[in-house]
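Next comes data.txt, a file with compact mmCIF, C-alpha atoms.
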# COMPACT_ATOMS: atom_id res chain seq x y z
CA SER A 1 26.27 15.49 4.10
CA ARG A 2 24.69 17.18 1.14
CA PRO A 3 21.07 18.13 0.47
CA LEU A 4 18.63 16.10 -1.57
CA GLU A 5 19.38 16.08 -5.27
CA PRO A 6 16.43 15.76 -7.62
CA GLY A 7 16.89 13.40 -10.54
CA PRO A 8 16.02 14.18 -14.17
CA ALA A 9 12.83 16.14 -14.64
CA PRO A 10 9.80 13.87 -15.19
CA ARG A 11 8.24 13.79 -18.65
CA GLU A 12 5.31 16.16 -18.92
CA LEU A 13 1.97 14.55 -19.63
CA ALA A 14 0.52 15.01 -23.11
CA PRO A 15 -2.85 16.85 -23.20
CA ALA A 16 -4.80 13.60 -23.55
CA GLU A 17 -2.86 12.04 -20.67
CA ALA A 18 -3.44 15.16 -18.56
CA ASP A 19 -7.19 14.89 -19.15
CA MET A 20 -7.11 11.22 -18.14
CA ALA A 21 -5.11 12.07 -15.02
CA ALA A 22 -7.60 14.80 -14.09
CA ALA A 23 -10.54 12.40 -14.46
CA ALA A 24 -8.77 9.72 -12.45
CA ALA A 25 -7.81 12.29 -9.83
CA ALA A 26 -11.48 13.16 -9.41
CA SER A 27 -12.18 9.50 -8.71
CA ALA A 28 -9.26 9.41 -6.30
CA GLY A 29 -10.57 12.51 -4.56
CA ALA A 30 -13.95 10.85 -4.10
CA LEU A 31 -12.25 7.83 -2.56
CA MET A 32 -10.10 9.91 -0.25
CA ALA A 33 -13.01 12.09 0.83
CA ALA A 34 -14.38 9.06 2.65
CA SER A 35 -11.25 8.91 4.79
CA GLY A 36 -11.80 8.29 8.47
CA PRO A 37 -11.92 5.47 10.99
CA ALA A 38 -12.07 2.02 9.45
CA GLY A 39 -15.61 1.20 8.42
CA SER A 40 -16.82 4.82 8.39
CA GLY A 41 -16.79 5.13 4.60
CA THR A 42 -15.57 3.52 1.43
CA MET A 43 -11.87 3.83 2.33
CA MET A 44 -10.01 0.58 1.79
CA PHE A 45 -7.04 -0.38 3.96
CA ILE A 46 -4.45 -2.96 3.01
CA SER A 47 -4.51 -6.05 5.23
CA PRO A 48 -1.27 -6.62 7.17
CA GLU A 49 -1.72 -10.36 6.65
CA ASN A 50 -0.50 -12.18 3.56
CA GLN A 51 -3.56 -14.22 2.63
CA ILE A 52 -1.67 -16.97 0.81
CA VAL A 53 0.61 -17.52 3.80
CA ARG A 54 -2.38 -17.45 6.13
CA ARG A 55 -4.34 -20.09 4.22
CA THR A 56 -1.26 -22.30 3.92
CA VAL A 57 -0.58 -22.20 7.68
CA GLU A 58 -4.25 -22.77 8.51
CA ARG A 59 -4.39 -25.82 6.28
CA PHE A 60 -1.12 -27.13 7.72
CA ALA A 61 -2.41 -26.77 11.29
CA GLU A 62 -6.00 -27.93 10.77
CA GLU A 63 -5.59 -30.73 8.21
CA PRO A 64 -2.51 -32.79 9.16
CA GLU A 65 -3.70 -35.69 7.03
CA LYS A 66 -3.38 -33.53 3.89
CA ARG A 67 0.18 -32.36 4.49
CA GLY A 68 2.59 -32.93 1.65
CA LEU A 69 5.91 -31.68 0.35
CA LEU A 70 5.91 -27.94 -0.29
CA ASP A 71 8.33 -25.41 -1.76
CA MET A 72 6.45 -22.20 -2.50
CA THR A 73 7.57 -18.61 -3.02
CA VAL A 74 5.10 -15.77 -2.36
CA HIS A 75 5.75 -12.12 -3.26
CA ASP A 76 4.32 -9.21 -1.28
CA PHE A 77 4.46 -5.40 -1.24
CA ASP A 78 7.75 -3.43 -1.16
CA GLY A 79 9.83 -6.30 -2.53
CA VAL A 80 9.01 -8.60 0.39
CA LYS A 81 9.23 -12.31 -0.41
CA TYR A 82 8.10 -15.39 1.54
CA LYS A 83 9.32 -18.94 1.10
CA LEU A 84 7.26 -21.78 2.60
CA VAL A 85 8.85 -25.22 2.78
CA ILE A 86 7.75 -28.65 4.00
CA ASP A 87 10.76 -30.94 3.74
CA ALA A 88 10.63 -34.64 3.01
CA ALA A 89 12.98 -35.22 5.95
CA LYS A 90 10.46 -33.64 8.36
CA PRO A 91 6.94 -33.52 6.85
CA ASP A 92 5.38 -32.38 10.16
CA ALA A 93 7.25 -29.05 10.16
CA LEU A 94 6.48 -25.96 8.07
CA SER A 95 9.34 -23.52 7.53
CA VAL A 96 8.32 -19.91 6.85
CA ASN A 97 11.14 -17.67 5.57
CA VAL A 98 10.83 -13.97 4.76
CA SER A 99 13.11 -11.67 2.80
CA ILE A 100 12.85 -7.91 3.39
CA PRO A 101 15.05 -5.72 1.14
CA PHE A 102 15.69 -3.11 3.83
CA PHE A 103 16.21 -5.60 6.68
CA ALA A 104 19.82 -4.46 7.22
CA HIS A 105 18.53 -1.01 8.24
CA ILE A 106 16.30 -2.35 11.04
CA ALA A 107 17.84 -2.77 14.50
CA LYS A 108 18.55 -6.50 14.88
CA ASP A 109 18.11 -6.51 18.67
CA LYS A 110 14.61 -5.02 18.27
CA VAL A 111 13.72 -7.65 15.67
CA ASP A 112 14.99 -10.50 17.86
CA ALA A 113 13.02 -9.25 20.88
CA MET A 114 9.84 -8.94 18.80
CA LEU A 115 10.24 -12.41 17.26
CA HIS A 116 10.63 -14.20 20.59
CA ALA A 117 7.71 -12.28 22.11
CA THR A 118 5.32 -12.73 19.18
CA TYR A 119 6.36 -16.22 18.00
CA PRO A 120 7.36 -18.12 21.13
CA GLY A 121 9.22 -21.32 20.39
CA MET A 122 8.99 -20.86 16.62
CA VAL A 123 12.03 -18.71 15.82
CA ALA A 124 14.48 -20.69 13.68
CA THR A 125 18.20 -20.29 14.28
CA SER A 126 18.88 -19.62 10.59
CA ALA A 127 16.89 -18.76 7.46
CA SER A 128 17.17 -20.11 3.94
CA ALA A 129 19.72 -18.51 1.63
CA GLU A 130 18.74 -14.96 0.60
CA TYR A 131 16.15 -14.75 3.39
CA ASN A 132 16.42 -12.74 6.62
CA VAL A 133 14.08 -14.33 9.17
CA ALA A 134 12.61 -17.83 9.52
CA LEU A 135 9.95 -19.48 11.64
CA ARG A 136 9.49 -23.21 12.13
CA VAL A 137 5.87 -24.21 12.70
CA GLU A 138 5.26 -27.67 14.17
CA ALA A 139 3.17 -29.16 16.97
CA PRO A 140 5.69 -28.71 19.82
CA THR A 141 6.74 -25.16 18.89
CA ALA A 142 3.19 -23.98 18.18
CA ALA A 143 1.94 -25.18 21.58
CA ALA A 144 2.06 -21.59 22.88
CA ILE A 145 -0.50 -20.65 20.18
CA PRO A 146 -2.86 -23.66 20.08
CA ASP A 147 -5.58 -21.91 18.06
CA ALA A 148 -4.93 -22.57 14.36
CA ALA A 149 -6.58 -19.32 13.20
CA GLU A 150 -4.53 -17.20 15.61
CA LEU A 151 -1.36 -19.06 14.66
CA ALA A 152 -2.03 -18.45 10.95
CA ARG A 153 -2.84 -14.80 11.59
CA ARG A 154 0.44 -14.18 13.41
CA VAL A 155 2.61 -16.04 10.92
CA SER A 156 0.98 -14.25 7.95
CA ARG A 157 1.93 -10.92 9.58
CA LEU A 158 5.62 -11.80 9.85
CA ALA A 159 6.90 -9.28 7.30
CA VAL A 160 4.79 -6.45 8.75
CA GLU A 161 5.90 -7.29 12.30
CA VAL A 162 9.58 -7.22 11.27
CA ALA A 163 9.24 -3.99 9.26
CA GLY A 164 7.25 -2.48 12.13
CA CYS A 165 10.39 -2.61 14.28
CA MET A 166 11.35 0.61 12.48
CA PHE A 167 8.55 2.39 14.34
CA ARG A 168 7.44 0.32 17.34
CA PRO A 169 10.23 1.19 19.85
CA SER A 170 9.67 4.94 19.46
CA LEU A 171 5.89 4.55 19.57
CA GLU A 172 6.08 2.42 22.71
CA ALA A 173 8.25 5.05 24.37
CA LEU A 174 5.78 7.74 23.31
CA ALA A 175 2.83 5.71 24.67
CA ALA A 176 4.62 5.20 27.98
CA GLY A 177 4.71 8.95 28.49
CA GLY A 178 8.46 9.22 28.14
CA ALA A 179 10.43 10.89 25.43
CA ALA A 180 9.96 9.28 22.04
CA THR A 181 13.72 9.57 21.65
CA ASP A 182 13.97 6.71 24.18
CA GLY A 183 13.11 4.46 21.25
CA GLY A 184 16.25 5.43 19.40
CA PRO A 185 17.72 8.34 17.42
CA ALA A 186 16.37 9.64 14.14
CA SER A 187 16.83 6.97 11.48
CA PHE A 188 16.91 6.77 7.69
CA VAL A 189 15.71 3.66 5.82
CA PRO A 190 16.01 3.18 2.02
CA TYR A 191 13.00 0.86 1.87
CA ARG A 192 12.72 0.81 -1.93
CA PRO A 193 15.36 1.29 -4.66
CA SER A 194 14.74 5.06 -4.94
CA GLU A 195 12.35 5.74 -2.05
CA HIS A 196 13.21 6.42 1.57
CA ILE A 197 11.72 6.67 5.05
CA TRP A 198 12.86 9.06 7.77
CA VAL A 199 11.80 8.20 11.34
CA VAL A 200 12.22 11.26 13.58
CA PRO A 201 11.38 10.80 17.29
CA ARG A 202 10.79 13.86 19.46
CA SER A 203 9.92 14.35 23.11
CA ASP A 204 6.16 14.60 22.50
CA ARG A 205 5.61 13.10 19.03
CA LEU A 206 6.94 10.85 16.31
CA THR A 207 7.25 12.12 12.73
CA VAL A 208 7.65 9.71 9.82
CA VAL A 209 8.46 11.00 6.32
CA TRP A 210 8.25 9.02 3.06
CA SER A 211 9.69 10.04 -0.29
CA LEU A 212 7.41 8.86 -3.07
CA GLU A 213 8.24 7.74 -6.59
CA PHE A 214 6.19 5.77 -9.11
CA PRO A 215 7.18 3.78 -12.19
CA ASN A 216 5.82 6.13 -14.86
CA ALA A 217 4.67 9.72 -15.34
CA PHE A 218 0.96 8.83 -15.34
CA ASP A 219 1.15 6.96 -12.02
CA ALA A 220 3.28 9.80 -10.65
CA ALA A 221 0.60 12.35 -11.57
CA LEU A 222 -2.07 10.25 -9.84
CA GLY A 223 0.19 9.56 -6.86
CA ARG A 224 0.77 13.25 -6.31
CA VAL A 225 -2.97 13.99 -6.33
CA ILE A 226 -3.79 11.10 -3.99
CA ALA A 227 -0.99 12.01 -1.56
CA SER A 228 -2.32 15.58 -1.53
CA GLU A 229 -5.86 14.33 -0.92
CA LEU A 230 -4.58 12.17 1.95
CA ALA A 231 -3.24 15.28 3.67
CA GLU A 232 -6.42 17.24 2.89
CA ALA A 233 -8.71 14.46 4.19
CA GLY A 234 -6.67 14.20 7.39
CA ARG A 235 -7.57 17.80 8.25
CA LYS A 236 -11.27 16.90 8.15
CA VAL A 237 -11.01 14.02 10.64
CA PRO A 238 -11.03 15.09 14.31
CA ALA A 239 -7.97 14.03 16.31
CA ALA A 240 -6.37 12.34 13.30
CA PRO A 241 -2.56 12.23 12.99
CA SER A 242 -1.17 15.23 11.17
CA ALA A 243 -0.55 14.48 7.47
CA ILE A 244 1.34 16.89 5.20
CA PHE A 245 2.29 16.58 1.55
CA TYR A 246 5.46 18.37 0.39
CA ASP A 247 6.32 19.12 -3.23
CA ILE A 248 9.55 17.69 -4.59
CA ASP A 249 11.08 21.19 -4.68
CA ALA A 250 10.26 21.94 -1.03
CA PRO A 251 11.24 18.87 1.05
CA PRO A 252 10.46 18.80 4.78
CA ALA A 253 13.16 19.88 7.21
CA GLU A 254 13.70 16.29 8.43
CA THR A 255 15.10 15.29 5.01
CA ARG A 256 17.24 18.25 3.99
CA ASP A 257 20.54 17.00 5.37
CA THR A 258 20.31 13.50 3.90
CA ALA A 259 22.50 12.59 0.95
CA VAL A 260 20.07 10.84 -1.40
CA THR A 261 19.21 11.21 -5.07
CA LEU A 262 15.60 11.20 -6.15
CA GLY A 263 14.42 9.45 -9.31
CA PRO A 264 12.80 11.01 -12.41
CA ASN A 265 9.24 10.18 -11.31
CA ALA A 266 9.56 11.34 -7.70
CA VAL A 267 6.42 13.26 -6.74
CA GLY A 268 7.22 14.60 -3.27
CA PHE A 269 7.08 13.66 0.39
CA VAL A 270 4.36 12.62 2.83
CA SER A 271 4.88 13.38 6.52
CA ILE A 272 2.78 11.76 9.27
CA THR A 273 3.06 12.96 12.87
CA LEU A 274 1.66 10.87 15.74
CA LEU A 275 1.03 12.03 19.30
CA LYS A 276 0.61 10.06 22.51
CA SER A 277 -3.18 10.02 22.07
CA HIS A 278 -2.75 8.04 18.85
CA VAL A 279 -0.87 5.18 20.56
CA GLU A 280 -2.11 5.26 24.16
CA THR A 281 -3.57 1.74 24.04
CA PRO A 282 -1.97 -1.47 22.73
CA ALA A 283 -4.67 -1.74 20.04
CA LYS A 284 -4.06 1.81 18.83
CA LEU A 285 -0.31 1.28 18.85
CA SER A 286 -0.51 -1.91 16.80
CA GLN A 287 -2.88 -0.25 14.34
CA ALA A 288 -0.51 2.71 14.00
CA VAL A 289 2.43 0.40 13.26
CA ASP A 290 0.43 -1.49 10.61
CA LYS A 291 -0.67 1.72 8.87
CA LEU A 292 2.85 3.18 8.85
CA VAL A 293 4.35 0.00 7.38
CA LEU A 294 1.66 -0.23 4.68
CA LEU A 295 1.28 3.44 3.75
CA ARG A 296 3.12 3.05 0.42
CA ALA A 297 1.00 0.00 -0.47
CA PHE A 298 -2.11 1.98 0.55
CA LEU A 299 -1.23 4.78 -1.89
CA LEU A 300 -0.47 2.26 -4.64
CA TYR A 301 -3.86 0.60 -4.08
CA HIS A 302 -5.67 3.91 -4.54
CA ILE A 303 -3.73 4.66 -7.71
CA LYS A 304 -4.91 1.33 -9.11
CA ALA A 305 -8.46 2.00 -7.87
CA ALA A 306 -8.50 5.45 -9.49
CA LYS A 307 -7.26 4.00 -12.80
CA ALA A 308 -9.91 1.26 -12.63
CA ALA A 309 -12.62 3.88 -11.98
CA LEU A 310 -11.34 5.92 -14.91
CA HIS A 311 -11.37 2.92 -17.24
CA THR A 312 -14.91 2.04 -16.11
CA ARG A 313 -16.12 5.56 -16.89
CA MET A 314 -14.39 5.50 -20.27
CA ARG A 315 -15.99 2.16 -21.19
CA ALA A 316 -19.41 3.45 -20.10
CA ARG A 317 -18.97 6.57 -22.26
CA VAL A 318 -17.90 4.51 -25.27
CA ASP A 319 -20.92 2.22 -24.78
CA SER A 320 -23.24 5.25 -24.75
CA TRP A 321 -21.70 6.56 -27.98
CA LEU A 322 -22.11 3.16 -29.62
CA GLN A 323 -25.78 3.14 -28.65
CA VAL A 324 -26.24 6.56 -30.27
CA LEU A 325 -24.56 5.32 -33.44
CA ARG A 326 -26.73 2.19 -33.53
CA ARG A 327 -29.89 4.26 -33.22
CA ALA A 328 -28.69 6.58 -35.98
CA SER A 329 -27.82 3.84 -38.49
CA PRO A 330 -30.39 2.73 -41.11
CA GLY A 331 -32.18 -0.43 -40.09
CA SER A 332 -35.44 -2.25 -39.83
CA GLY A 333 -38.40 0.08 -39.42
CA SER A 334 -36.46 3.23 -40.28
CA GLU A 335 -37.63 3.50 -43.93
CA LYS A 336 -41.19 4.49 -43.01
CA ALA A 337 -39.92 7.16 -40.66
CA SER A 338 -37.52 8.48 -43.30
CA SER A 339 -40.28 8.49 -45.93
CA ALA A 340 -42.58 10.42 -43.58
CA ILE A 341 -39.83 12.96 -42.92
CA ARG A 342 -39.18 13.39 -46.65
CA LYS A 343 -42.88 13.87 -47.38
CA ALA A 344 -43.18 16.46 -44.61
CA ALA A 345 -40.15 18.29 -45.94
CA HIS A 346 -41.51 18.32 -49.49
CA ALA A 347 -44.87 19.55 -48.23
CA ALA A 348 -43.20 22.37 -46.34
CA ILE A 349 -41.18 23.35 -49.41
CA ALA A 350 -44.28 23.29 -51.61
CA ALA A 351 -46.20 25.43 -49.10
CA GLY A 352 -43.39 27.94 -49.06
CA LYS A 353 -43.43 28.23 -52.81
CA ARG A 354 -47.10 29.05 -52.77

Structure encoded using structure tokens:
Amino acid sequence: SRPLEPGPAPRELAPAEADMAAAAAASAGALMAASGPAGSGTMMFISPENQIVRRTVERFAEEPEKRGLLDMTVHDFDGVKYKLVIDAAKPDALSVNVSIPFFAHIAKDKVDAMLHATYPGMVATSASAEYNVALRVEAPTAAAIPDAAELARRVSRLAVEVAGCMFRPSLEALAAGGAATDGGPASFVPYRPSEHIWVVPRSDRLTVVWSLEFPNAFDAALGRVIASELAEAGRKVPAAPSAIFYDIDAPPAETRDTAVTLGPNAVGFVSITLLKSHVETPAKLSQAVDKLVLLRAFLLYHIKAAKAALHTRMRARVDSWLQVLRRASPGSGSEKASSAIRKAAHAAIAAGKR
């Protein structure tokens, strides 16, 4: 194999763009400074549930009298795509198909085991064309999950549950007190067109590394700052997983022997290391899987939030300038003031002449 090859150098930001990036980075830093356990600050986490899929399944389960023909496509993060179908031939069955671009790089036996454990009686034998996994929701198959809200919650997590099979086996082995390598060897997943994940199990920890790239130079500048702040904030939270940001020119050791080419707007690498204490209970383990799967979406959210904060500040500044201009422009009631100023000035000039 050969080492990582950086792509073309990213375009440098113009001075005005650099100022905008710095202002947005300050907003991002304020957001990231609140990092900590969920609910302890203003940090926002991405929900592992697709809300459109959830509402559709809830309505299907709770309102059978309103069921009708359905053929709907729903897009999600990282190129994930859902297809929900109610066929005229069987109007009492809802088919939920999911397409995951990197599905071929996830161990099929792990996915099958997870599907039958999480969705008993609902796993379809085949998915629609161009889709990887399918569930069939109907009264007989959903009997194992009679509660409509719980059924909708599980089905809306389908993509995250499947993608989580990249991490779950190693985390379960780590939680059990055995070697994390029991969950499988180190693996490499190209989860986006020019971004990659390395999953590196060790005897006492699991390290996951992401390469990060964004669609343009401005987002890349913000992404780099936010990824750096993520690592910095992690050091301030007691017992948090270790988070490290690596510059594009100094990749972590786990990636150096992988033959991949990085794109022009690659910003670097984020490495997260989890210990047994982070996954020692089923709730902690599930939360860890969700956060690992959605880390890229989490960073993207904060880029958008930082840009929104920047735009809000810019609009507020422009509004303040407009108010100054309005007060300075001639208008009703200003003539008397101007006349008084002119008279005072003339009086001062006349006094000086004397």

ask   = If you measure from atom CA of A:Lys83 to atom CA of A:Arg192, what distance in Å do you get, rounded to one decimal?
value = 20.3 Å

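Shown here are all protein and nucleic acid residues lying within 9 Å of (-0.3, 15.2, 26.0), with only C-alpha atoms considered: Gly177, Asp204, Leu275, Lys276 and Ser277 of chain A.
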
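Take the candidates A:Leu174, A:Ile303, A:Val96, A:Ala124 and check each one against A:Asp219 using all atoms listed in the file; the shortest distance goes to A:Ile303.
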
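If you measure from each of A:Tyr131, A:Thr255, A:Ser228, A:Glu62 to A:Pro146 using all atoms listed in the file, the closest one turns out to be A:Glu62.
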
request  = Point out the residue among A:Asp71, A:Asp257, A:Glu280, A:Glu58 with the least atom-to-atom distance to A:Ala149, counting all atoms listed in the file.
outcome  = A:Glu58
